[in-house]
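Colleague: One file is attached below, query-v6.txt, containing compact mmCIF, C-alpha atoms.
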# COMPACT_ATOMS: atom_id res chain seq x y z
CA MET H 29 -5.46 24.07 -15.06
CA ASN H 30 -3.39 22.92 -12.12
CA SER H 31 -6.03 21.31 -9.94
CA HIS H 32 -3.62 20.05 -7.23
CA LEU H 33 -5.54 16.78 -7.13
CA HIS H 34 -2.48 15.23 -5.51
CA GLY H 35 -2.03 17.75 -2.67
CA THR H 36 1.09 19.65 -1.68
CA PRO H 37 4.64 18.30 -1.22
CA ARG H 38 4.56 19.58 2.38
CA ARG H 39 1.46 17.55 3.24
CA ALA H 40 2.86 14.45 1.49
CA THR H 41 6.11 14.74 3.48
CA TRP H 42 4.24 15.02 6.79
CA LEU H 43 2.07 12.04 5.95
CA TRP H 44 5.15 9.98 4.96
CA ALA H 45 6.80 10.84 8.31
CA THR H 46 3.71 9.74 10.26
CA LEU H 47 3.53 6.52 8.22
CA ILE H 48 7.14 5.74 9.16
CA VAL H 49 6.43 6.45 12.85
CA ALA H 50 3.37 4.16 12.67
CA THR H 51 5.54 1.43 11.12
CA LEU H 52 8.06 1.75 13.96
CA LEU H 53 5.16 1.43 16.41
CA THR H 54 4.01 -1.81 14.75
CA TRP H 55 7.60 -3.10 14.73
CA GLY H 56 8.00 -2.17 18.41
CA MET H 57 4.81 -4.01 19.34
CA GLY H 58 6.15 -7.08 17.55
CA ALA H 59 9.49 -6.81 19.33
CA SER H 60 7.79 -6.48 22.73
CA GLY H 61 5.73 -9.61 22.09
CA ALA H 62 2.42 -7.80 22.70
CA THR H 63 -0.57 -10.11 22.34
CA GLY H 64 -4.27 -10.27 23.22
CA ARG H 65 -7.38 -8.33 22.20
CA GLY H 66 -5.83 -4.93 22.94
CA ALA H 67 -2.72 -5.62 20.84
CA ILE H 68 -4.79 -6.90 17.91
CA ALA H 69 -7.06 -3.83 18.09
CA ILE H 70 -4.07 -1.43 18.15
CA LEU H 71 -2.24 -3.20 15.29
CA ALA H 72 -5.43 -3.32 13.19
CA ALA H 73 -6.11 0.37 13.91
CA ILE H 74 -2.55 1.37 12.92
CA SER H 75 -2.79 -0.69 9.72
CA PHE H 76 -6.19 0.80 8.90
CA TRP H 77 -4.98 4.34 9.47
CA LYS H 78 -1.92 3.79 7.26
CA GLY H 79 -4.11 2.25 4.58
CA ALA H 80 -6.51 5.20 4.78
CA VAL H 81 -3.59 7.62 4.15
CA ILE H 82 -2.54 5.61 1.08
CA ILE H 83 -6.14 5.41 -0.20
CA LEU H 84 -7.28 8.98 0.48
CA ASP H 85 -4.08 10.95 -0.08
CA PHE H 86 -1.54 8.92 -2.09
CA MET H 87 -4.14 7.33 -4.39
CA ALA H 88 -6.05 10.66 -4.26
CA LEU H 89 -9.39 8.90 -3.75
CA ARG H 90 -10.34 11.75 -1.39
CA HIS H 91 -11.29 13.56 -4.60
CA ALA H 92 -12.90 10.60 -6.37
CA PRO H 93 -16.61 9.74 -6.37
CA LEU H 94 -17.73 8.49 -2.94
CA LEU H 95 -18.26 4.90 -4.11
CA TRP H 96 -14.50 4.41 -4.61
CA ARG H 97 -13.77 5.44 -1.02
CA VAL H 98 -16.55 3.22 0.28
CA VAL H 99 -15.25 0.19 -1.61
CA THR H 100 -11.55 0.59 -0.76
CA LEU H 101 -11.90 1.70 2.88
CA GLY H 102 -14.70 -0.86 3.25
CA TRP H 103 -12.32 -3.56 1.98
CA MET H 104 -9.85 -2.72 4.77
CA ILE H 105 -12.57 -2.67 7.42
CA VAL H 106 -14.03 -6.03 6.35
CA VAL H 107 -10.64 -7.74 6.03
CA TRP H 108 -9.49 -6.53 9.47
CA ALA H 109 -12.83 -7.32 11.10
CA VAL H 110 -12.74 -10.92 9.85
CA ILE H 111 -9.06 -11.31 10.82
CA ALA H 112 -9.89 -9.98 14.31
CA ILE H 113 -12.76 -12.46 14.70
CA ALA H 114 -10.46 -15.36 13.72
CA TYR H 115 -7.78 -14.19 16.19
CA ILE H 116 -10.15 -13.54 19.07
CA LYS H 117 -11.60 -17.03 18.56
CA GLY H 118 -8.08 -18.39 19.14
CA LEU H 119 -7.35 -16.44 22.33
CA PRO H 120 -7.39 -18.35 25.64
CA GLN H 121 -10.88 -18.08 27.18
CA MET J 25 -25.43 40.78 -12.72
CA LYS J 26 -26.98 38.23 -15.02
CA GLN J 27 -23.66 37.92 -16.86
CA GLU J 28 -21.78 37.26 -13.57
CA THR J 29 -24.19 34.51 -12.62
CA LEU J 30 -23.76 32.88 -15.99
CA THR J 31 -19.96 33.02 -15.76
CA ALA J 32 -19.96 31.54 -12.27
CA GLY J 33 -22.34 28.87 -13.48
CA THR J 34 -20.10 27.85 -16.35
CA THR J 35 -16.70 27.86 -14.60
CA ALA J 36 -17.62 26.19 -11.31
CA PRO J 37 -18.41 22.76 -12.83
CA MET J 38 -15.08 22.81 -14.70
CA VAL J 39 -13.10 23.38 -11.49
CA GLN J 40 -15.13 20.73 -9.77
CA GLU J 41 -14.46 18.29 -12.59
CA SER J 42 -10.69 18.68 -12.36
CA ARG J 43 -10.63 18.43 -8.56
CA HIS J 44 -13.16 15.64 -8.19
CA ARG J 45 -12.19 12.74 -10.36
CA LEU J 46 -10.60 9.31 -10.19
CA ALA J 47 -6.80 9.60 -10.59
CA GLY J 48 -5.79 7.13 -13.30
CA ASP J 49 -7.50 4.94 -15.86
CA ILE J 50 -10.77 3.26 -14.86
CA ALA J 51 -9.35 -0.08 -16.12
CA ILE J 52 -6.51 -0.03 -13.56
CA TRP J 53 -9.03 0.67 -10.80
CA ILE J 54 -11.14 -2.34 -11.78
CA PHE J 55 -7.89 -4.37 -11.77
CA ILE J 56 -6.95 -2.94 -8.34
CA LEU J 57 -10.34 -3.96 -6.91
CA ALA J 58 -9.83 -7.51 -8.23
CA GLU J 59 -6.34 -7.60 -6.65
CA LEU J 60 -7.67 -6.31 -3.31
CA LEU J 61 -10.35 -9.01 -3.37
CA ALA J 62 -7.76 -11.74 -4.08
CA PHE J 63 -5.40 -10.56 -1.33
CA GLY J 64 -8.34 -10.11 1.06
CA VAL J 65 -9.44 -13.72 0.60
CA PHE J 66 -5.82 -14.84 1.08
CA PHE J 67 -5.51 -12.85 4.36
CA ILE J 68 -8.77 -14.22 5.73
CA ALA J 69 -7.77 -17.79 4.79
CA TYR J 70 -4.48 -17.25 6.68
CA ALA J 71 -6.31 -16.02 9.80
CA PHE J 72 -8.76 -18.93 9.89
CA THR J 73 -6.08 -21.54 9.16
CA ARG J 74 -4.06 -20.07 12.02
CA ALA J 75 -7.07 -20.44 14.32
CA ASN J 76 -6.65 -24.22 13.92
CA HIS J 77 -2.83 -24.25 14.33
CA ILE J 78 -2.18 -21.42 16.79
CA GLU J 79 0.94 -22.78 18.51
CA LEU J 80 2.55 -23.79 15.22
CA PHE J 81 1.80 -20.39 13.60
CA ASP J 82 3.07 -18.45 16.64
CA ALA J 83 6.30 -20.49 16.90
CA GLU J 84 7.13 -20.24 13.19
CA GLN J 85 6.14 -16.57 13.01
CA ALA J 86 8.60 -15.88 15.85
CA ALA J 87 11.38 -17.35 13.66
CA LEU J 88 10.70 -14.83 10.85
CA ASN J 89 12.96 -11.82 10.42
CA ARG J 90 10.63 -9.09 11.71
CA ASN J 91 13.33 -6.44 11.20
CA ALA J 92 13.50 -7.29 7.49
CA GLY J 93 9.70 -7.05 7.31
CA ALA J 94 9.70 -3.63 8.99
CA LEU J 95 12.57 -2.39 6.78
CA ASN J 96 10.61 -3.48 3.71
CA THR J 97 7.54 -1.61 4.99
CA VAL J 98 9.65 1.56 5.27
CA LEU J 99 11.05 0.99 1.73
CA LEU J 100 7.58 0.52 0.19
CA LEU J 101 6.09 3.54 2.02
CA THR J 102 9.05 5.69 0.97
CA ALA J 103 8.72 4.50 -2.64
CA SER J 104 5.02 5.43 -2.52
CA TYR J 105 5.91 8.87 -1.13
CA PHE J 106 8.44 9.37 -3.96
CA VAL J 107 5.76 8.39 -6.51
CA VAL J 108 3.41 11.01 -4.99
CA ARG J 109 6.18 13.61 -5.30
CA ALA J 110 6.73 12.56 -8.94
CA VAL J 111 3.02 13.06 -9.71
CA GLN J 112 3.01 16.42 -7.89
CA ALA J 113 6.10 17.51 -9.86
CA ALA J 114 4.37 16.61 -13.14
CA GLU J 115 1.34 18.64 -12.00
CA ARG J 116 3.72 21.60 -11.77
CA LEU J 117 5.19 20.88 -15.24
CA ALA J 118 8.52 19.82 -13.66
CA SER J 119 9.26 16.75 -15.79
CA ALA J 120 12.93 16.44 -14.85
CA ALA J 121 12.08 16.52 -11.13
CA SER J 122 9.28 14.03 -11.73
CA ALA J 123 11.74 11.63 -13.39
CA ARG J 124 14.19 11.98 -10.47
CA TRP J 125 11.47 11.15 -7.92
CA LEU J 126 10.50 8.10 -9.97
CA LEU J 127 14.11 6.93 -10.10
CA ALA J 128 14.25 7.25 -6.29
CA ALA J 129 11.06 5.17 -6.05
CA ILE J 130 12.59 2.49 -8.29
CA ALA J 131 15.67 2.43 -6.02
CA CYS J 132 13.42 1.82 -2.96
CA GLY J 133 11.60 -0.95 -4.85
CA ALA J 134 14.98 -2.52 -5.67
CA GLY J 135 15.87 -2.28 -1.97
CA PHE J 136 12.68 -4.19 -1.13
CA VAL J 137 13.62 -6.91 -3.66
CA VAL J 138 17.14 -7.27 -2.23
CA VAL J 139 15.88 -7.53 1.39
CA LYS J 140 13.25 -10.08 0.35
CA LEU J 141 15.82 -12.20 -1.54
CA PHE J 142 18.06 -12.29 1.56
CA GLU J 143 15.02 -13.33 3.59
CA TYR J 144 14.14 -16.13 1.14
CA ALA J 145 17.78 -17.32 1.04
CA ALA J 146 17.76 -17.63 4.85
CA ALA J 147 14.38 -19.43 4.73
CA PHE J 148 15.58 -21.96 2.16
CA GLU J 149 18.71 -22.59 4.25
CA HIS J 150 16.34 -23.67 7.03
CA ASN J 151 14.55 -26.00 4.59
CA ILE J 152 11.41 -23.87 4.62
CA SER J 153 9.16 -24.80 1.71
CA LEU J 154 5.51 -24.68 0.69
CA SER J 155 5.03 -28.19 2.12
CA SER J 156 7.06 -27.83 5.36
CA SER J 157 4.08 -26.48 7.37
CA PRO J 158 0.74 -24.66 6.93
CA PHE J 159 2.38 -21.45 8.21
CA HIS J 160 5.26 -21.74 5.69
CA MET J 161 2.77 -22.45 2.91
CA PHE J 162 1.00 -19.15 3.67
CA TYR J 163 4.20 -17.22 4.40
CA LEU J 164 5.81 -18.23 1.09
CA SER J 165 2.75 -18.06 -1.15
CA LEU J 166 1.50 -14.74 0.27
CA THR J 167 4.90 -13.02 0.21
CA VAL J 168 5.92 -14.45 -3.20
CA PHE J 169 2.52 -13.41 -4.67
CA HIS J 170 3.15 -9.91 -3.30
CA PHE J 171 6.81 -10.00 -4.44
CA MET J 172 5.67 -10.62 -8.04
CA HIS J 173 3.46 -7.53 -7.76
CA VAL J 174 6.49 -5.50 -6.62
CA ILE J 175 8.46 -6.73 -9.66
CA LEU J 176 5.61 -5.75 -12.02
CA GLY J 177 5.32 -2.43 -10.15
CA MET J 178 9.00 -1.74 -10.81
CA VAL J 179 8.55 -2.45 -14.53
CA ILE J 180 5.64 0.03 -14.52
CA LEU J 181 7.68 2.62 -12.57
CA THR J 182 10.47 2.26 -15.15
CA ALA J 183 7.99 2.94 -17.97
CA MET J 184 6.74 5.98 -16.03
CA TRP J 185 10.35 7.14 -15.54
CA ASN J 186 10.90 6.93 -19.32
CA GLY J 187 7.68 8.87 -19.90
CA ALA J 188 8.66 11.57 -17.42
CA ARG J 189 12.13 11.90 -18.98
CA ALA J 190 10.47 12.39 -22.37
CA GLY J 191 8.26 15.10 -20.82
CA ARG J 192 5.12 13.11 -21.64
CA TYR J 193 3.13 14.01 -18.49
CA ARG J 194 1.62 17.43 -17.88
CA PRO J 195 -1.52 18.85 -16.28
CA GLY J 196 -4.45 17.61 -18.33
CA ASP J 197 -2.40 14.68 -19.64
CA MET J 198 -1.53 12.80 -16.44
CA ASN J 199 -3.42 9.58 -17.12
CA GLY J 200 -0.39 7.36 -17.80
CA LEU J 201 1.46 8.62 -14.72
CA GLU J 202 -1.57 8.41 -12.42
CA THR J 203 -2.47 4.93 -13.64
CA GLY J 204 0.98 3.55 -12.86
CA ALA J 205 1.04 5.41 -9.53
CA ALA J 206 -2.31 3.86 -8.50
CA TYR J 207 -0.93 0.37 -9.18
CA TRP J 208 2.20 1.03 -7.12
CA HIS J 209 0.15 2.38 -4.19
CA MET J 210 -2.00 -0.78 -4.31
CA VAL J 211 1.16 -2.90 -3.90
CA ASP J 212 2.04 -0.78 -0.86
CA LEU J 213 -1.52 -0.90 0.54
CA VAL J 214 -1.64 -4.71 0.49
CA TRP J 215 1.72 -4.93 2.29
CA LEU J 216 0.32 -2.69 5.07
CA ILE J 217 -1.96 -5.60 6.05
CA LEU J 218 0.46 -8.40 5.14
CA PHE J 219 3.27 -7.15 7.39
CA PRO J 220 1.34 -6.97 10.71
CA LEU J 221 -0.65 -10.10 9.87
CA VAL J 222 2.20 -12.45 8.96
CA TYR J 223 5.14 -10.92 10.89
CA VAL J 224 3.65 -9.36 14.03
CA ILE J 225 0.18 -10.37 15.28
CA HIS J 226 0.11 -13.51 17.41
For this file, write the structure as structure tokens.

Modeller:
Amino acid sequence: MNSHLHGTPRRATWLWATLIVATLLTWGMGASGATGRGAIAILAAISFWKGAVIILDFMALRHAPLLWRVVTLGWMIVVWAVIAIAYIKGLPQ
Amino acid sequence: MKQETLTAGTTAPMVQESRHRLAGDIAIWIFILAELLAFGVFFIAYAFTRANHIELFDAEQAALNRNAGALNTVLLLTASYFVVRAVQAAERLASAASARWLLAAIACGAGFVVVKLFEYAAAFEHNISLSSSPFHMFYLSLTVFHFMHVILGMVILTAMWNGARAGRYRPGDMNGLETGAAYWHMVDLVWLILFPLVYVIH
């Protein structure tokens, strides 16, 4: 009966700790004033990774039909890709 | 031999069904997709408006309280983690523990609200309004739109807390708990783009 759809407490705790570390990384990059293509790519990658943890593990979509993962992870990819294009357009040539 | 094959054939799909399914009501997931679309359009509009006002956006972004934004990210992520623990506890028939995790999540949500109110109070002291600049228009409308989702999320978490205290959630009857949890995680997910976009990237 107990399907453990939502994983184990141990795994959830580890994921939470890595999410906090990733947040500190983003905060640190903001504090250091990092800018440019590299900074945008790193910040987008961190955000995407955190979002993927929420989607796959916390929302338990890892166990849902594939279409749900495609739509939600695809949403993050499209949004970040378009944001990145807008930002790169604005960088000094 | 034949009997064994039959048994395996009948039990395997049942296990698969319980392990491979959408957590929560289909209606909340349709709602979540609509919300993600709305926030996505908002984020993209911000990025392209910034492309036309880069110096203004960078200068006004630098005046934001990045520490408050990071603290709120930690509070939302921790609340989401507590909600996961509440769902896991209910999966193990531990209703009292589930209720305690939900109460902890509500406390983190309240922390987010308090930090945000301090941030808005400081902004209004500096005469920041929807019409003071394109950046402020986006900063206020995006964060207030998200803030309202946090408030609704806390109302939902409170209803889940009441349900858990009444022992309403158990394996096989998790729909109410999972539906509310999915909504709360969506509120967190959206913030994970909002924070770097509005507070950090320049």

Colleague: Check the smallest atom-to-atom distance from each of H:Ala80, H:Ile111, H:Ile70, H:Leu101 to chain J using all atoms listed in the file, then report the winner.

Modeller: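 When distances to chain J are compared using all atoms listed in the file, the smallest one comes from H:Ile111.
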
Colleague: I'd like to know which of H:Gly118, H:Arg38, H:Thr46, H:Val106 is closest to chain J, using only C-alpha atoms.

Modeller: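 That would be H:Gly118, the residue with the smallest distance to chain J.
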
Colleague: Using all atoms listed in the file, find which residues of chain J lie within 7 Å of chain H and jot them down as a PyMOL selection string.

Modeller: chain J and resi 42-47+64+68+71-72+75+94+98+105+108-109+112+115+195+206+209+213+216-217+220+224-226

Colleague: Can you write just those residues out, C-alpha atoms, as a compact mmCIF listing (two decimals), keeping the file's coordinate frame?

Modeller:
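Saved file again_31.txt follows:
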# COMPACT_ATOMS: atom_id res chain seq x y z
CA SER J 42 -10.69 18.68 -12.36
CA ARG J 43 -10.63 18.43 -8.56
CA HIS J 44 -13.16 15.64 -8.19
CA ARG J 45 -12.19 12.74 -10.36
CA LEU J 46 -10.60 9.31 -10.19
CA ALA J 47 -6.80 9.60 -10.59
CA GLY J 64 -8.34 -10.11 1.06
CA ILE J 68 -8.77 -14.22 5.73
CA ALA J 71 -6.31 -16.02 9.80
CA PHE J 72 -8.76 -18.93 9.89
CA ALA J 75 -7.07 -20.44 14.32
CA ALA J 94 9.70 -3.63 8.99
CA VAL J 98 9.65 1.56 5.27
CA TYR J 105 5.91 8.87 -1.13
CA VAL J 108 3.41 11.01 -4.99
CA ARG J 109 6.18 13.61 -5.30
CA GLN J 112 3.01 16.42 -7.89
CA GLU J 115 1.34 18.64 -12.00
CA PRO J 195 -1.52 18.85 -16.28
CA ALA J 206 -2.31 3.86 -8.50
CA HIS J 209 0.15 2.38 -4.19
CA LEU J 213 -1.52 -0.90 0.54
CA LEU J 216 0.32 -2.69 5.07
CA ILE J 217 -1.96 -5.60 6.05
CA PRO J 220 1.34 -6.97 10.71
CA VAL J 224 3.65 -9.36 14.03
CA ILE J 225 0.18 -10.37 15.28
CA HIS J 226 0.11 -13.51 17.41

Colleague: Quick one: everything within 12 Å of Met161 in chain J, counting all atoms listed in the file, minus sequence neighbours fewer than 3 positions away in the same chain. Send it as a PyMOL selection string.

Modeller: chain J and resi 66+69-70+73-74+81+84+152-158+164-169+222

Colleague: Could you state the separation of CA of Leu117 in chain J and CA of Met210 in chain J in Å, given to one decimal place?

Modeller: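 CA of Leu117 in chain J sits 25.3 Å away from CA of Met210 in chain J.
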
Colleague: CA of Leu127 in chain J and CA of Arg189 in chain J, how far apart in Å?

Modeller: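 Pair CA of Arg189 in chain J / CA of Leu127 in chain J returns 10.4 Å.
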
Colleague: Which one of J:Thr102, J:Val138, J:Ile56, J:Val111 sits closest to His173 in chain J if you count all atoms listed in the file?

Modeller: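 Checking each candidate against His173 in chain J, we get J:Ile56 as the closest.
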